[in-house]
Amino acid sequence: MKKLLGLTLGIMTALGGFVDLGQIVFTMQAGALFSYQLMWSVVLGTLGIIVYMEMCGRIAVVAKEPVFAVVRTQLGFPLGMVTLIASNLLNVITCAAELGGIAVVLHLLTGWPEKLLLIATPVVLGAIIFLLRFQWIERTFGLSGLTMAVFAVSAVTLHPDWSQLARGLAPAITQPDTKHWLLYGYFAVGIFSAMLMEYEVHFYSSGAMEEDWTTKDLGENFMVSAFGSILGALLTAGLLVLGALLFLPRGIFPEILSSTTMAGAFPFGQKALVLALIGTMACLAGAALETGLSGAYNLCQFFNLAWGKNQPAKAVPIFTAAWIGMFVVAFLIAVSGLRPLQLVNISIIFGMVVMPLTYYPILKTAADKNIMGKHVNDRLDTVLGTAFLILIAIAAVAAIPLMIVTHSGRP
Amino acid sequence: MWRIRQSTTALVLLLAAALASCSRKKTISRDDARSEVKSAISLVSESALFVDYVRQGRSTRHYADGHVAYLEDAVQQSLDKLKQAEPEPGTATAVHECRTQLELLDRELFGIPAKFGHDEALAAAKERMASMRAGLEKAGSSL
C-alpha cells in the first residue's frame with residue numbers, strides 16, 4: 001500500500017505538468033486542427049520526460065543534489081543565475097495562469113463570482129501548503145487528478161478510428177502549403193514543450209528529497225516516473241482524440257477552457273460534467289502548487305539555503321517567504337486582467353527556449369561517474385538523454401520564430 | 001540655446017509621429033480576414049454544439065450560465081478586433097459580413113439563458129446559428 005501511495009509523486013508531477021491549463025487547451029486545439037497527426041509528439045514528449053525524471057530522481061537520491069544545485073554546479077554562477085531567473089519567471093507566469101483557470105472552473109461548478117474565487121484560490125492553496133505535509137499534498141492532488149480519467153473514457157466512448165490514430169504515431173504532413181506546415185510545427189513544438197516543462201523535474205527531484213528516498217528506492221524511482229508519465233500521456237492522448245472527434249468535424253478551434261471541459265464529458269450526463277470539472281480543477285491546482293513550490297525550491301537550492309516543505313516554517317524562512325511570494329506575484333498577474341490562456345501560451349513557448357539550460361546539467365551530472373558512482377548512466381540512458389537533448393535544443397531554436405509566424409498558432 | 005530648442009522640437013515631432021502611427025487603425029489583410037472568418041465560424045459552431053448539449057440535459061445550470069458568458073466574451077473580443085481595424089481593399093464585404101454575423105451571434109447568446117428548459121426556443125436558436133454559419137462560410141469563400 002505504501003509503495004502504491006508512493007506512486008502519487010509521479011502522478012501529481014505528471015498530471016500537474018502534462019494536464020495543466022496549457023496542455024488541456026493546446027492539445028485539444030492540435031486535435032481540432034490536425035486530427036491524430038500529432039500523436040507522435042505526445043509519445044516523444046512522454047519518453048523524454050520519463051528519461052529525465054528518472055535521471056533527476058536518481059541524482060537526488062545518490063548525489064543528494066536537487067536540480068538547481070546541479071544547474072549551479074554544471075553551468076556556473078552567471079549562466080545558472082540566468083536559468084534561475086528565467087525558470088522562476090516561467091513558474092510564476094504558469095502559476096498565474098493556473099490560478100486564473102481554477103477560478104474559471106470553480107465558477108462553472110458553483111456559479112459564484114469569478115473574481116471572488118480568484119482571490120480565494122491562492123489563499124486556499126497557501127493554507128493547504130501550510131497545513132499538509134508534502135506526502136499528503138501529492139496524495140491529495142495526485143489521486144483527485146485521477147478523475148480526469150473521464151476525459152479518456154469520453155474519448156474511447158466516441159469511437160476513435162484506431163488505425164488512423166496509430167498512423168499518427170509517425171510524423172506526416174497531409175497538406176503541402178507553408179501555413180499548414182508552420183502551424184503543424186508550432187503545435188508539435190508546443191505539445192513536446194508542455195510535456196517537458198521544467199517545473200516537472202524541479203518538483204520531482206525536490207519531492208524525492210522531501211520523501212527521503214534512498215538508493216533502495218531507485219527501482220521505485222523508475223516505476224514512479226514511468227507510471228505517472230504514461231498516465232499523463234494517456235490523458236493527453238485522450239485530449240487530442242476529443243479535439244479530433246468533437247471539434248475538427250465542426251470547424252471548431254477551441255479557445256475557451258469551458259469548451260474543453262464540456263468535451264471531456266460530452267457523451268455522458270451531468271455527473272460526468274461535474275467529474276470533468278473536478279478533475280480539471282485538481283490538475284490545475286496541482287500545477288499551481290508545483291510551480292509555486294518549484295519557485296521556492298529553485299531559489300533555495302541555487303543559493304544553498306535551507307529548504308523543505310516538511311520543515312517548520314521558522315526553520316526555512318526564505319523558502320517559506322519564497323513560495324508565499326510566488327503565489328502573491330502570480331495572483332497579482334492573474335488579477336491584472338491578463339487571460340489565463342494568453343499567459344499559458346507564453347509560458348509553453350518561452351519554457352521551450354530555456355529548457356536546454358535545465359536538461360543539459362541533469363544529463364551531464366547523471367553521466368558523471370565521479371558523482372554518481374555505480375549509479376551512473378548506462379549507455380542507453382546517455383544515448384537517449386543526448387538524443388532528447390538534441391531534440392529539445394532544436395525545438396528551443398524553432399519555438400519563438402514559429403510563435404511569431406503563426407501568430408501563436410492561429411489557424 | 002537654439003540647439004536645445006531644435007532638439008526639443010525634433011523630439012516632440014518624433015513623439016507625435018509615433019503617437020499618430022499608434023492611433024492609426026490596423027489593417028486587416030486577406031489572410032487576417034480569412035483567419036477572422038474561420039474564428040467566427042468556430043464560435044458559431046461552438047455555440048451550436050453547446051445548445052445541443054443543453055437540449056440533451058447534459059449540462060448543469062451553473063456550467064451553462066458560465067459557458068454562455070465565456071462564449072459571449074469571446075465573441076465580443078472578436079468584434080472589438082474587427083471594429084478597431086480597417087479592411088484591405090477586396091476584403092471589406094467579407095469583413096462586414098463577419099461583423100454582422102458576430103453581432104447576431106452576440107445577441108443570440110445573450111438570450112440563451114432565458115431559453116434554458118425551453119426546447120423549442122433552443123432548437124430555433126440553433127437553426128439561426130446554422131444560418132449564421134452559412135453566411136460566414138459564404139463570406140469566407142469570397143476571400
# chains A, B, ... in the order shown; residues from 1 in each chain; ligands from 1
$ interface_residues --of "chain B" --to "chain A" --cutoff "6 Å" --atoms "only C-alpha atoms" --output "list in words"
Ser42, Arg58, Ser59, Thr60, His62, Tyr63, Gly66 and His67 of chain B
$ write_last_selection --atoms "N, CA and C atoms" --output "mmCIF file, in the first residue's frame"
data_model
loop_
_atom_site.group_PDB
_atom_site.id
_atom_site.type_symbol
_atom_site.label_atom_id
_atom_site.label_comp_id
_atom_site.auth_asym_id
_atom_site.auth_seq_id
_atom_site.Cartn_x
_atom_site.Cartn_y
_atom_site.Cartn_z
ATOM 1 N N SER B 42 -15.922 29.157 -36.044
ATOM 2 C CA SER B 42 -15.651 28.319 -34.878
ATOM 3 C C SER B 42 -16.559 28.703 -33.711
ATOM 4 N N ARG B 58 -27.564 17.546 -20.589
ATOM 5 C CA ARG B 58 -26.292 17.043 -20.059
ATOM 6 C C ARG B 58 -25.499 18.102 -19.297
ATOM 7 N N SER B 59 -26.014 19.335 -19.323
ATOM 8 C CA SER B 59 -25.263 20.406 -18.645
ATOM 9 C C SER B 59 -25.915 20.767 -17.317
ATOM 10 N N THR B 60 -25.088 21.193 -16.370
ATOM 11 C CA THR B 60 -25.649 21.741 -15.125
ATOM 12 C C THR B 60 -25.984 23.207 -15.400
ATOM 13 N N HIS B 62 -25.230 25.880 -13.577
ATOM 14 C CA HIS B 62 -24.075 26.764 -13.349
ATOM 15 C C HIS B 62 -23.127 26.736 -14.543
ATOM 16 N N TYR B 63 -22.884 25.521 -15.039
ATOM 17 C CA TYR B 63 -21.968 25.388 -16.170
ATOM 18 C C TYR B 63 -22.528 26.141 -17.387
ATOM 19 N N GLY B 66 -22.275 29.858 -17.017
ATOM 20 C CA GLY B 66 -20.882 30.283 -17.106
ATOM 21 C C GLY B 66 -20.354 30.189 -18.529
ATOM 22 N N HIS B 67 -20.630 29.060 -19.185
ATOM 23 C CA HIS B 67 -20.077 28.830 -20.518
ATOM 24 C C HIS B 67 -20.629 29.832 -21.530
#
$ closest_atom_pairs --of "stretch 220-289 of chain A" --to "stretch 39-54 of chain A" --cutoff "6 Å" --atoms "only C-alpha atoms" --output "Markdown table"
| residue | atom | partner | partner_atom | distance |
| --- | --- | --- | --- | --- |
| A:Phe222 | CA | A:Glu54 | CA | 5.4 |
| A:Ser225 | CA | A:Ile50 | CA | 5.7 |
| A:Ala226 | CA | A:Ile50 | CA | 5.5 |
$ write_last_selection --atoms "N, CA and C atoms" --output "mmCIF file, in the first residue's frame"
data_model
loop_
_atom_site.group_PDB
_atom_site.id
_atom_site.type_symbol
_atom_site.label_atom_id
_atom_site.label_comp_id
_atom_site.auth_asym_id
_atom_site.auth_seq_id
_atom_site.Cartn_x
_atom_site.Cartn_y
_atom_site.Cartn_z
ATOM 1 N N PHE A 222 12.197 4.712 -11.031
ATOM 2 C CA PHE A 222 11.875 4.487 -12.439
ATOM 3 C C PHE A 222 10.380 4.207 -12.595
ATOM 4 N N SER A 225 8.315 7.441 -12.063
ATOM 5 C CA SER A 225 8.386 8.392 -13.179
ATOM 6 C C SER A 225 7.690 7.827 -14.415
ATOM 7 N N ALA A 226 7.873 6.531 -14.657
ATOM 8 C CA ALA A 226 7.262 5.936 -15.852
ATOM 9 C C ALA A 226 5.744 5.846 -15.705
#
$ closest_residue --among "A:Leu33, A:Ala395, A:Leu7, A:Leu165" --to "A:Gly219" --atoms "only C-alpha atoms"
A:Leu7
$ residues_around --residues "A:Arg133" --least-positions-apart "4" --cutoff "12 Å" --atoms "only C-alpha atoms" --output "number ranges by chain"
A: 127-129, 137-140, 207, 210-211, 308-313
$ residues_around --residues "B:Val68" --least-positions-apart "4" --cutoff "9 Å" --atoms "only C-alpha atoms" --output "MDAnalysis selection string"
chainID B and resid 47 50 63:64 72:73 109:110 112:113
$ residues_around --residues "A:Thr174" --least-positions-apart "5" --cutoff "10 Å" --atoms "only C-alpha atoms" --output "MDAnalysis selection string"
chainID A and resid 34 37 180:181
$ write_last_selection --atoms "N, CA and C atoms" --output "PDB file, in the first residue's frame"
ATOM      1  N   PHE A  34      -5.386  19.061 -36.546  1.00  0.00           N
ATOM      2  CA  PHE A  34      -4.604  18.035 -37.264  1.00  0.00           C
ATOM      3  C   PHE A  34      -5.053  16.610 -36.951  1.00  0.00           C
ATOM      4  N   GLN A  37      -2.704  13.497 -36.129  1.00  0.00           N
ATOM      5  CA  GLN A  37      -1.373  13.584 -36.751  1.00  0.00           C
ATOM      6  C   GLN A  37      -0.237  13.985 -35.811  1.00  0.00           C
ATOM      7  N   HIS A 180       0.160  25.606 -43.291  1.00  0.00           N
ATOM      8  CA  HIS A 180      -0.192  24.350 -42.640  1.00  0.00           C
ATOM      9  C   HIS A 180       1.048  23.732 -41.969  1.00  0.00           C
ATOM     10  N   TRP A 181       2.124  23.745 -42.700  1.00  0.00           N
ATOM     11  CA  TRP A 181       3.421  23.231 -42.246  1.00  0.00           C
ATOM     12  C   TRP A 181       3.861  23.912 -40.957  1.00  0.00           C
TER      13      TRP A 181
END
$ residues_around --residues "B:Ala121" --least-positions-apart "2" --cutoff "12 Å" --atoms "only C-alpha atoms" --output "PDB file with C-alpha atoms, in the first residue's frame"
ATOM      1  CA  VAL B  51     -27.066  24.475 -27.411  1.00  0.00           C
ATOM      2  CA  ASP B  52     -27.305  20.796 -28.380  1.00  0.00           C
ATOM      3  CA  VAL B  54     -28.016  21.821 -23.091  1.00  0.00           C
ATOM      4  CA  ARG B  55     -31.017  20.481 -25.011  1.00  0.00           C
ATOM      5  CA  GLU B 108     -28.392  35.193 -29.748  1.00  0.00           C
ATOM      6  CA  GLY B 111     -30.848  35.461 -24.998  1.00  0.00           C
ATOM      7  CA  ILE B 112     -29.789  31.833 -24.457  1.00  0.00           C
ATOM      8  CA  PRO B 113     -30.001  31.695 -20.600  1.00  0.00           C
ATOM      9  CA  ALA B 114     -33.672  32.701 -20.784  1.00  0.00           C
ATOM     10  CA  LYS B 115     -34.281  29.761 -23.121  1.00  0.00           C
ATOM     11  CA  PHE B 116     -32.865  27.075 -20.807  1.00  0.00           C
ATOM     12  CA  GLY B 117     -35.532  24.412 -20.339  1.00  0.00           C
ATOM     13  CA  HIS B 118     -37.427  25.549 -23.443  1.00  0.00           C
ATOM     14  CA  ASP B 119     -36.519  23.029 -26.081  1.00  0.00           C
ATOM     15  CA  ALA B 123     -33.951  24.484 -31.369  1.00  0.00           C
ATOM     16  CA  ALA B 124     -34.901  27.757 -33.087  1.00  0.00           C
ATOM     17  CA  ALA B 125     -31.713  29.384 -31.759  1.00  0.00           C
ATOM     18  CA  LYS B 126     -29.696  26.528 -33.183  1.00  0.00           C
ATOM     19  CA  GLU B 127     -31.329  26.988 -36.579  1.00  0.00           C
ATOM     20  CA  ARG B 128     -30.474  30.665 -36.554  1.00  0.00           C
TER      21      ARG B 128
END
$ select_by_dssp --residues "stretch 10-128 of chain B" --states "strand (DSSP E or B)" --output "list of chain:residue names"
B:Lys26, B:Thr27, B:Ile28, B:Ala85, B:Glu86, B:Pro87
$ write_last_selection --atoms "N, CA and C atoms" --output "compact mmCIF listing (two decimals), in the first residue's frame"
# COMPACT_ATOMS: atom_id res chain seq x y z
N LYS B 26 -5.35 49.44 -37.47
CA LYS B 26 -4.60 48.32 -38.03
C LYS B 26 -5.33 47.84 -39.29
N THR B 27 -4.56 47.39 -40.26
CA THR B 27 -5.20 46.92 -41.50
C THR B 27 -5.44 45.42 -41.42
N ILE B 28 -6.61 45.01 -41.93
CA ILE B 28 -6.90 43.57 -41.99
C ILE B 28 -6.52 43.08 -43.39
N ALA B 85 -10.08 47.69 -36.70
CA ALA B 85 -9.19 47.52 -37.86
C ALA B 85 -9.88 47.93 -39.15
N GLU B 86 -9.04 48.26 -40.11
CA GLU B 86 -9.51 48.71 -41.43
C GLU B 86 -9.30 47.57 -42.43
N PRO B 87 -10.38 47.12 -43.12
CA PRO B 87 -10.14 46.02 -44.08
C PRO B 87 -9.37 46.48 -45.31
